[in-house]
Amino acid sequence: MALTFHLIPNAHLDPVWLWDWREGLNEGITTCRTVLDLMDQFPQLTFSRGECAIYKHIQATDPDVFARIEAYIESSRWEVVGGTVIQPDTNMPATEALIRQFVIGKSWFRKQLRVSINVGWAADSFGHADGLPEILHHCGMRYFAFTRPPQSILPIAAPVFWWQGRSGCRVMAFRPQVGWYGSSQLEMPGRLDEMLRLYKGGTIQNIGVPFGLGNHGGGPVRQQIQQIEEWSNKHPEVTVLYSGFGRFFRSIEEELEQLPPDTLPVHTGEMNFVMRGCYSSAARFKYLYRKTEAALVAAEQTAAAISARINTNPVNLADAWDGLLFNAFHDILPGSSIERAMREQVEWLGGVQHQVRSTSFRALNQLAAAVDTTVRKPEDNHPSGIVFLVWNPRPAPYHGPLELEGCLDYRPIEAYTGRPEQLPIALRGADGKSVDYQRISTEGTFGSNDAWRARLVTMANIPAYGWSVFEMAWDEKSQAIPASNGNARAVDDNTIDNGICTVNAPLGANGIRITRDGRDLFTDPGLGVVTIEDHEGSWGAMDEDPAKLDANVTRGQWSITHVRVLEKGPIRAALWVRMTSGTSWIDFTLRLTTGRDAIDCDARLFWSERSARLKLVLPGAKSAHYDVPGGSLTRTDYREVPGGKWVKVQGTHCDYGFASDSIYAFDLRDQQLRPTLIRGSRYASDAALGPDEQPWQPATDLGEHALRFVITGDIGNLPEMANELATPTVALLTTPSPGYLPREGSIACVESQGLELLALKHEEDGSGWLVRVQEKRGEKPHMVITWLDQRLDGGEVEPFTIKTYRISGTAAQWSIESIPEAV
């Protein structure tokens with residue numbers, strides 16, 4: 001059987017990289033117009049193009065070009081592939097964000113271009129997560145074409161293979177072994193020669209040949225078309241045809257019908273690693289992306305749940321999703337674009353954040369108007385109390401610390417001027433009974449001698465997707481909290497304790513000692529930080545050179561220079577610790593709460609280093625199990641690797657978990673887990689530069705940064721702690737009003753263990769709600785959700801699979817059904 005070369009003309013376009021988004025999107029028009037002109041001239045020419053963000057811009061800006069594209073789609077010469085909004089990074093976005101790339105992208109293509117897409121195309125993304133096959137499968141993708149990592153880094157026995165997920169689902173994958181996703185103007189004859197040499201006499205006779213100028217658009221050019229024609233005439237033994245990814249994959253399937261079932265090799269697990277520096281470059285953007293992503297999902301779930309309870313119209317977050325998904329592009333989120341472009345993308349995400357917060361604010365105010373939020377009538381001439389609607393935006397009940405702050409009168413209470421800590425305050429829960437609390441510092445320090453604004457911390461129980469009402473008031477009859485109601489305390493000027501964990505920070509030490517149940521959580525010197533020399537550019541060691549990857553030269557020494565107890569209990573104790581090295585510093589505010597098996601930490605960092613990276617150091621780690629998109633996995637690679645919201649660590653002293661709201665990069669060497677906080681490389685640079693070289697070139701992330709993390713010995717609850725960190729409980733100070741809903745209640749609750757809820761949203765037509773879950777423990781739980789006081793059983797969920805359900809009906813009778821594909 002003769003070889004068939006499937007020529008796949010394409011034009012990879014980075015909408016943001018060495019240019020900004022305006023230049024990138026407009027180049028999409030120019031590239032497509034140029035390709036269309038060539039297709040008019042060469043009737044054999046085909047073209048493959050993905051990313052609905054590009055198509056949407058063309059439709060809005062140049063309708064004539066869009067109409068010409070439609071015509072060639074109708075004649076099967078223009079292939080729409082990918083199915084995503086943009087070509088995203090596939091190691092760092094959350095599972096639901098990657099699913100939305102396909103859900104939103106495929107929906108747009110189906111409505112606007114009348115095409116159904118089942119071919120994924122990741123021309124230039126820097127590696128692919130272990131759970132991506134699960135995501136592709138659930139989104140209706142049969143095939144997946146990619147180029148990174150190359151064969152030299154990740155050897156796979158054949159260019160076409162099955163990529164199998166942990167649930168057993170699989171997609172047919174293709175990675176060209178000759179060349180890359182594009183081509184230069186002169187290389188086509190040599191590329192075709194090499195392919196003939198490599199594949200002649202092989203088992204598979206259909207060979208994929210992507211080509212076309214790329215990165216700043218381009219596509220096939222006249223010279224390449226002429227070269228291909230000349231080469232084809234010289235090689236009549238090879239069938240050379242202009243094709244597309246879909247036609248190529250379908251030809252492979254037809255060929256396999258005549259071959260043994262095990263013809264194609266099977267690859268399981270992630271397809272990594274490459275461009276490892278991108279897991280931590282441009283941390284300022286990464287921190288914002290992670291928080292925006294979590295806030296958007298939470299706002300959508302909050303609005304959907306509340307609308308179900310009080311029967312309001314669905315909210316439209318399409319623009320917010322478009323903004324978030326565009327910013328997951330594989331040169332934006334990885335931090336490999338120019339400084340000006342990265343700053344503009346930060347601004348874009350800021351707009352998304354505001355829309356998300358406004359959506360949550362409106363939904364919570366609608367709920368507050370429906371809930372009984374009345375307050376007690378004050379005595380004498382005292383002001384009335386202030387009322388909070390506390391909302392839990394997660395599908396599991398919350399038990400933990402809750403902070404409430406507000407003004408107790410319209411002006412400072414003069415009788416307590418100079419002694420504000422003596423102002424008697426009553427805090428009442430949903431049942432009207434007094435709740436124990438501890439006074440803590442207000443966020444602002446203005447008028448510190450005035451009795452006006454107060455901040456309290458209490459222990460709260462908030463139902464899943466539910467609310468609870470709290471009232472705070474100046475009340476001369478209130479009693480101070482008895483010390484016996486909590487066991488968090490300051491032991492001395494350097495130590496806090498809660499009966500489970502102890503945190504000790506001696507001045508001059510190189511680490512913070514943490515114990516759990518009397519045993520050290522970490523080996524010496526305890527929790528610390530280290531600066532590592534890192535002279536590589538934005539992408540890190542692009543060639544995966546072991547010598548570069550293994551470089552571990554430290555710069556400077558970090559030590560504890562300041563310690564102060566900020567909170568002394570009894571509900572919560574807090575210790576502020578500053579560590580410094582040179583002109584950089586990091587502040588840790590470590591908190592221990594009564595009954596909570598965790599150390600909660602707010603970190604603030606001032607970074608002034610170039611050509612270096614800063615790492616947290618958690619010593620005493622033997623292995624690590626990482627949260628990743630679509631699943632989780634244990635890795636043996638000790639070098640820099642990508643991770644998600646949490647890491648489970650098998651420790652030398654005891655096992656523990658780490659979760660953050662910001663960090664994507666980790667390594668595990670010398671029995672130390674080391675999350676990367678900051679990486680001071682040059683913007684969009686592939687040069688290896690020392691700290692003093694080219695000082696006029698700006699380095700990323702100089703200045704101040706803030707993040708939060710949790711360390712816990714309670715491994716079983718680590719994922720939920722990570723969710724609480726990402727989407728914290730919300731306290732809305734609202735207007736007192738009588739409502740028809742009780743002062744505490746729940747809208748929905750996912751009861752099954754082992755299921756992670758990914759999405760709760762309205763259907764597009766507003767006729768029902770969609771719930772998406774993933775099984776992440778390798779078990780077979782039932783999907784059980786309590787929905788508006790009715791218990792709905794969605795049936796068994798196979799290990800590691802993603803499932804989407806539709807809830808419909810009325811308050812009298814809700815129904816739940818599983819639907820086969822993400823929508």
# chains A, B, ... in the order shown; residues from 1 in each chain; ligands from 1

$ residues_around --residues "Phe161 of chain A" --least-positions-apart "4" --cutoff "8 Å" --atoms "only C-alpha atoms" --output "VMD selection string"
chain A and resid 172 to 174 264 to 267

$ residues_around --residues "segment 48-63 of chain A" --least-positions-apart "4" --cutoff "9 Å" --atoms "only C-alpha atoms" --output "ChimeraX atom specification"
/A:8-12,15,25-26,28-29,32,67-68,77-87,104-106,108-109,120-121,243-245,322,326

$ residues_around --residues "segment 717-723 of chain A" --least-positions-apart "5" --cutoff "8 Å" --atoms "only C-alpha atoms" --output "MDAnalysis selection string"
chainID A and resid 394 645:646 648 657:661 710 712 728

$ closest_residue --among "A:Ile816, A:Leu677, A:Ala621, A:Val16" --to "Leu521 of chain A" --atoms "only C-alpha atoms"
A:Ala621

$ residues_around --residues "segment 413-417 of chain A" --least-positions-apart "5" --cutoff "8 Å" --atoms "only C-alpha atoms" --output "list in words"
Gln422, Leu423, Asn449, Asp450, Ala451 and Trp452 of chain A

$ residues_around --residues "Leu689 of chain A" --least-positions-apart "4" --cutoff "12 Å" --atoms "only C-alpha atoms" --output "PDB file with N, CA and C atoms, in the first residue's frame"
ATOM      1  N   GLU A 533      19.472  30.815  42.107  1.00  0.00           N
ATOM      2  CA  GLU A 533      19.934  31.442  40.863  1.00  0.00           C
ATOM      3  C   GLU A 533      19.172  30.836  39.683  1.00  0.00           C
ATOM      4  N   ASP A 534      18.663  31.710  38.808  1.00  0.00           N
ATOM      5  CA  ASP A 534      17.917  31.260  37.633  1.00  0.00           C
ATOM      6  C   ASP A 534      18.134  32.273  36.519  1.00  0.00           C
ATOM      7  N   HIS A 535      19.092  31.980  35.655  1.00  0.00           N
ATOM      8  CA  HIS A 535      19.484  32.920  34.612  1.00  0.00           C
ATOM      9  C   HIS A 535      18.757  32.676  33.297  1.00  0.00           C
ATOM     10  N   GLU A 536      17.885  31.675  33.251  1.00  0.00           N
ATOM     11  CA  GLU A 536      17.195  31.358  32.005  1.00  0.00           C
ATOM     12  C   GLU A 536      16.100  32.390  31.705  1.00  0.00           C
ATOM     13  N   GLY A 537      15.645  32.396  30.461  1.00  0.00           N
ATOM     14  CA  GLY A 537      14.624  33.332  30.045  1.00  0.00           C
ATOM     15  C   GLY A 537      13.236  32.907  30.489  1.00  0.00           C
ATOM     16  N   SER A 538      12.213  33.501  29.863  1.00  0.00           N
ATOM     17  CA  SER A 538      10.824  33.307  30.285  1.00  0.00           C
ATOM     18  C   SER A 538      10.425  31.846  30.352  1.00  0.00           C
ATOM     19  N   GLY A 540      12.377  29.199  30.764  1.00  0.00           N
ATOM     20  CA  GLY A 540      13.278  28.302  31.470  1.00  0.00           C
ATOM     21  C   GLY A 540      14.208  27.607  30.493  1.00  0.00           C
ATOM     22  N   ARG A 610      16.751  39.912  40.504  1.00  0.00           N
ATOM     23  CA  ARG A 610      16.680  39.597  39.080  1.00  0.00           C
ATOM     24  C   ARG A 610      17.423  38.292  38.827  1.00  0.00           C
ATOM     25  N   SER A 611      16.992  37.565  37.804  1.00  0.00           N
ATOM     26  CA  SER A 611      17.647  36.306  37.425  1.00  0.00           C
ATOM     27  C   SER A 611      17.688  35.328  38.595  1.00  0.00           C
ATOM     28  N   ALA A 612      16.564  35.198  39.276  1.00  0.00           N
ATOM     29  CA  ALA A 612      16.475  34.286  40.423  1.00  0.00           C
ATOM     30  C   ALA A 612      15.014  33.921  40.639  1.00  0.00           C
ATOM     31  N   GLY A 680      12.181  35.842  38.730  1.00  0.00           N
ATOM     32  CA  GLY A 680      12.584  37.136  38.195  1.00  0.00           C
ATOM     33  C   GLY A 680      13.335  37.039  36.888  1.00  0.00           C
ATOM     34  N   SER A 681      12.653  36.558  35.832  1.00  0.00           N
ATOM     35  CA  SER A 681      13.279  36.492  34.505  1.00  0.00           C
ATOM     36  C   SER A 681      12.965  37.757  33.725  1.00  0.00           C
ATOM     37  N   ARG A 682      13.567  37.926  32.539  1.00  0.00           N
ATOM     38  CA  ARG A 682      13.225  39.040  31.663  1.00  0.00           C
ATOM     39  C   ARG A 682      11.942  38.709  30.899  1.00  0.00           C
ATOM     40  N   TYR A 683      11.225  39.715  30.507  1.00  0.00           N
ATOM     41  CA  TYR A 683       9.993  39.518  29.744  1.00  0.00           C
ATOM     42  C   TYR A 683      10.309  38.986  28.347  1.00  0.00           C
ATOM     43  N   SER A 685      11.884  36.674  26.915  1.00  0.00           N
ATOM     44  CA  SER A 685      13.301  36.538  26.589  1.00  0.00           C
ATOM     45  C   SER A 685      13.692  35.073  26.528  1.00  0.00           C
ATOM     46  N   GLU A 693      23.417  41.733  34.054  1.00  0.00           N
ATOM     47  CA  GLU A 693      23.493  41.898  32.606  1.00  0.00           C
ATOM     48  C   GLU A 693      22.248  42.609  32.089  1.00  0.00           C
ATOM     49  N   GLN A 694      22.467  43.488  31.108  1.00  0.00           N
ATOM     50  CA  GLN A 694      21.390  44.239  30.469  1.00  0.00           C
ATOM     51  C   GLN A 694      20.420  44.811  31.511  1.00  0.00           C
ATOM     52  N   PRO A 695      20.919  45.644  32.401  1.00  0.00           N
ATOM     53  CA  PRO A 695      20.060  46.172  33.471  1.00  0.00           C
ATOM     54  C   PRO A 695      18.909  47.027  32.955  1.00  0.00           C
ATOM     55  N   GLN A 697      16.891  46.091  30.713  1.00  0.00           N
ATOM     56  CA  GLN A 697      15.782  45.200  30.392  1.00  0.00           C
ATOM     57  C   GLN A 697      14.996  44.889  31.676  1.00  0.00           C
ATOM     58  N   PRO A 698      13.688  45.182  31.703  1.00  0.00           N
ATOM     59  CA  PRO A 698      12.925  44.963  32.939  1.00  0.00           C
ATOM     60  C   PRO A 698      12.791  43.478  33.272  1.00  0.00           C
ATOM     61  N   ALA A 699      12.802  43.191  34.549  1.00  0.00           N
ATOM     62  CA  ALA A 699      12.583  41.828  35.031  1.00  0.00           C
ATOM     63  C   ALA A 699      11.154  41.712  35.561  1.00  0.00           C
TER      64      ALA A 699
END

$ select_by_dssp --residues "segment 163-225 of chain A" --states "helix (DSSP H, G or I)" --output "VMD selection string"
chain A and resid 188 to 199 222 to 225

$ closest_residue --among "A:Arg743, A:His330, A:Arg309, A:Arg513" --to "Gly432 of chain A" --atoms "only C-alpha atoms"
A:Arg743

$ residues_around --residues "Gly745 of chain A" --least-positions-apart "2" --cutoff "9 Å" --atoms "only C-alpha atoms" --output "list in words"
Ile462, Pro463, Ala464, Tyr465, Gly466, Trp467, Ser468, Leu741, Pro742, Arg743 and Ile747 of chain A

$ write_last_selection --atoms "all heavy atoms" --output "PDB file, in the first residue's frame"
ATOM      1  N   ILE A 462     -22.078  27.101  58.388  1.00  0.00           N
ATOM      2  CA  ILE A 462     -22.894  27.634  57.305  1.00  0.00           C
ATOM      3  C   ILE A 462     -23.259  26.466  56.381  1.00  0.00           C
ATOM      4  O   ILE A 462     -22.387  25.731  55.923  1.00  0.00           O
ATOM      5  CB  ILE A 462     -22.151  28.719  56.503  1.00  0.00           C
ATOM      6  CG1 ILE A 462     -21.462  29.708  57.446  1.00  0.00           C
ATOM      7  CG2 ILE A 462     -23.112  29.427  55.558  1.00  0.00           C
ATOM      8  CD1 ILE A 462     -22.396  30.483  58.333  1.00  0.00           C
ATOM      9  N   PRO A 463     -24.547  26.281  56.092  1.00  0.00           N
ATOM     10  CA  PRO A 463     -24.955  25.154  55.251  1.00  0.00           C
ATOM     11  C   PRO A 463     -24.352  25.237  53.843  1.00  0.00           C
ATOM     12  O   PRO A 463     -23.957  26.307  53.368  1.00  0.00           O
ATOM     13  CB  PRO A 463     -26.484  25.289  55.199  1.00  0.00           C
ATOM     14  CG  PRO A 463     -26.850  26.158  56.346  1.00  0.00           C
ATOM     15  CD  PRO A 463     -25.699  27.075  56.557  1.00  0.00           C
ATOM     16  N   ALA A 464     -24.316  24.102  53.167  1.00  0.00           N
ATOM     17  CA  ALA A 464     -23.839  24.043  51.782  1.00  0.00           C
ATOM     18  C   ALA A 464     -24.729  24.903  50.894  1.00  0.00           C
ATOM     19  O   ALA A 464     -25.955  24.886  51.018  1.00  0.00           O
ATOM     20  CB  ALA A 464     -23.846  22.595  51.289  1.00  0.00           C
ATOM     21  N   TYR A 465     -24.083  25.649  49.964  1.00  0.00           N
ATOM     22  CA  TYR A 465     -24.841  26.577  49.121  1.00  0.00           C
ATOM     23  C   TYR A 465     -25.955  27.198  49.956  1.00  0.00           C
ATOM     24  O   TYR A 465     -27.121  27.208  49.570  1.00  0.00           O
ATOM     25  CB  TYR A 465     -25.430  25.874  47.906  1.00  0.00           C
ATOM     26  CG  TYR A 465     -24.444  25.595  46.802  1.00  0.00           C
ATOM     27  CD1 TYR A 465     -24.406  24.354  46.188  1.00  0.00           C
ATOM     28  CD2 TYR A 465     -23.553  26.571  46.368  1.00  0.00           C
ATOM     29  CE1 TYR A 465     -23.493  24.094  45.169  1.00  0.00           C
ATOM     30  CE2 TYR A 465     -22.635  26.316  45.362  1.00  0.00           C
ATOM     31  CZ  TYR A 465     -22.613  25.077  44.761  1.00  0.00           C
ATOM     32  OH  TYR A 465     -21.709  24.809  43.763  1.00  0.00           O
ATOM     33  N   GLY A 466     -25.552  27.745  51.087  1.00  0.00           N
ATOM     34  CA  GLY A 466     -26.552  28.217  52.030  1.00  0.00           C
ATOM     35  C   GLY A 466     -26.139  29.500  52.720  1.00  0.00           C
ATOM     36  O   GLY A 466     -25.060  30.048  52.495  1.00  0.00           O
ATOM     37  N   TRP A 467     -27.027  29.976  53.567  1.00  0.00           N
ATOM     38  CA  TRP A 467     -26.840  31.257  54.220  1.00  0.00           C
ATOM     39  C   TRP A 467     -27.154  31.152  55.702  1.00  0.00           C
ATOM     40  O   TRP A 467     -27.826  30.230  56.153  1.00  0.00           O
ATOM     41  CB  TRP A 467     -27.753  32.303  53.578  1.00  0.00           C
ATOM     42  CG  TRP A 467     -29.214  32.089  53.861  1.00  0.00           C
ATOM     43  CD1 TRP A 467     -29.947  32.600  54.903  1.00  0.00           C
ATOM     44  CD2 TRP A 467     -30.127  31.275  53.119  1.00  0.00           C
ATOM     45  NE1 TRP A 467     -31.251  32.173  54.856  1.00  0.00           N
ATOM     46  CE2 TRP A 467     -31.393  31.356  53.758  1.00  0.00           C
ATOM     47  CE3 TRP A 467     -30.017  30.489  51.967  1.00  0.00           C
ATOM     48  CZ2 TRP A 467     -32.512  30.681  53.295  1.00  0.00           C
ATOM     49  CZ3 TRP A 467     -31.129  29.817  51.500  1.00  0.00           C
ATOM     50  CH2 TRP A 467     -32.368  29.918  52.155  1.00  0.00           C
ATOM     51  N   SER A 468     -26.633  32.123  56.428  1.00  0.00           N
ATOM     52  CA  SER A 468     -26.955  32.261  57.842  1.00  0.00           C
ATOM     53  C   SER A 468     -26.845  33.741  58.187  1.00  0.00           C
ATOM     54  O   SER A 468     -25.981  34.447  57.660  1.00  0.00           O
ATOM     55  CB  SER A 468     -26.008  31.435  58.708  1.00  0.00           C
ATOM     56  OG  SER A 468     -26.446  31.391  60.053  1.00  0.00           O
ATOM     57  N   LEU A 741     -38.041  33.937  53.668  1.00  0.00           N
ATOM     58  CA  LEU A 741     -37.149  32.800  53.896  1.00  0.00           C
ATOM     59  C   LEU A 741     -36.583  32.864  55.305  1.00  0.00           C
ATOM     60  O   LEU A 741     -36.385  33.947  55.862  1.00  0.00           O
ATOM     61  CB  LEU A 741     -36.005  32.809  52.883  1.00  0.00           C
ATOM     62  CG  LEU A 741     -36.380  32.538  51.423  1.00  0.00           C
ATOM     63  CD1 LEU A 741     -35.151  32.653  50.525  1.00  0.00           C
ATOM     64  CD2 LEU A 741     -37.014  31.158  51.264  1.00  0.00           C
ATOM     65  N   PRO A 742     -36.284  31.705  55.900  1.00  0.00           N
ATOM     66  CA  PRO A 742     -35.755  31.693  57.274  1.00  0.00           C
ATOM     67  C   PRO A 742     -34.373  32.306  57.344  1.00  0.00           C
ATOM     68  O   PRO A 742     -33.715  32.553  56.333  1.00  0.00           O
ATOM     69  CB  PRO A 742     -35.733  30.201  57.615  1.00  0.00           C
ATOM     70  CG  PRO A 742     -35.625  29.503  56.299  1.00  0.00           C
ATOM     71  CD  PRO A 742     -36.412  30.345  55.337  1.00  0.00           C
ATOM     72  N   ARG A 743     -33.900  32.519  58.555  1.00  0.00           N
ATOM     73  CA  ARG A 743     -32.612  33.177  58.768  1.00  0.00           C
ATOM     74  C   ARG A 743     -31.428  32.255  58.486  1.00  0.00           C
ATOM     75  O   ARG A 743     -30.281  32.696  58.495  1.00  0.00           O
ATOM     76  CB  ARG A 743     -32.548  33.723  60.199  1.00  0.00           C
ATOM     77  CG  ARG A 743     -33.560  34.838  60.437  1.00  0.00           C
ATOM     78  CD  ARG A 743     -33.642  35.253  61.881  1.00  0.00           C
ATOM     79  NE  ARG A 743     -32.474  36.007  62.340  1.00  0.00           N
ATOM     80  CZ  ARG A 743     -32.335  37.330  62.228  1.00  0.00           C
ATOM     81  NH1 ARG A 743     -33.275  38.036  61.617  1.00  0.00           N
ATOM     82  NH2 ARG A 743     -31.276  37.933  62.704  1.00  0.00           N
ATOM     83  N   ILE A 747     -29.613  25.706  49.775  1.00  0.00           N
ATOM     84  CA  ILE A 747     -30.242  25.550  48.460  1.00  0.00           C
ATOM     85  C   ILE A 747     -29.885  24.206  47.850  1.00  0.00           C
ATOM     86  O   ILE A 747     -30.738  23.521  47.290  1.00  0.00           O
ATOM     87  CB  ILE A 747     -29.831  26.706  47.535  1.00  0.00           C
ATOM     88  CG1 ILE A 747     -30.314  28.036  48.100  1.00  0.00           C
ATOM     89  CG2 ILE A 747     -30.364  26.486  46.117  1.00  0.00           C
ATOM     90  CD1 ILE A 747     -29.805  29.253  47.372  1.00  0.00           C
TER      91      ILE A 747
END

$ select_by_dssp --residues "segment 270-391 of chain A" --states "strand (DSSP E)" --output "number ranges by chain"
A: 386-391

$ residues_around --residues "Ala490 of chain A" --least-positions-apart "3" --cutoff "8 Å" --atoms "only C-alpha atoms" --output "PyMOL selection string"
chain A and resi 493+495-497+565+567-569+573-574

$ write_last_selection --atoms "C-alpha atoms" --output "PDB file, in the first residue's frame"
ATOM      1  CA  ASP A 493       6.339  36.261  72.166  1.00  0.00           C
ATOM      2  CA  THR A 495       4.902  30.934  69.777  1.00  0.00           C
ATOM      3  CA  ILE A 496       1.201  30.235  69.270  1.00  0.00           C
ATOM      4  CA  ASP A 497      -0.759  27.025  69.880  1.00  0.00           C
ATOM      5  CA  VAL A 565       1.923  38.076  68.270  1.00  0.00           C
ATOM      6  CA  GLU A 567      -3.933  37.648  68.127  1.00  0.00           C
ATOM      7  CA  LYS A 568      -3.847  35.848  71.460  1.00  0.00           C
ATOM      8  CA  GLY A 569      -7.013  33.734  71.364  1.00  0.00           C
ATOM      9  CA  ALA A 573      -4.082  33.058  67.670  1.00  0.00           C
ATOM     10  CA  ALA A 574      -1.944  34.799  65.042  1.00  0.00           C
TER      11      ALA A 574
END
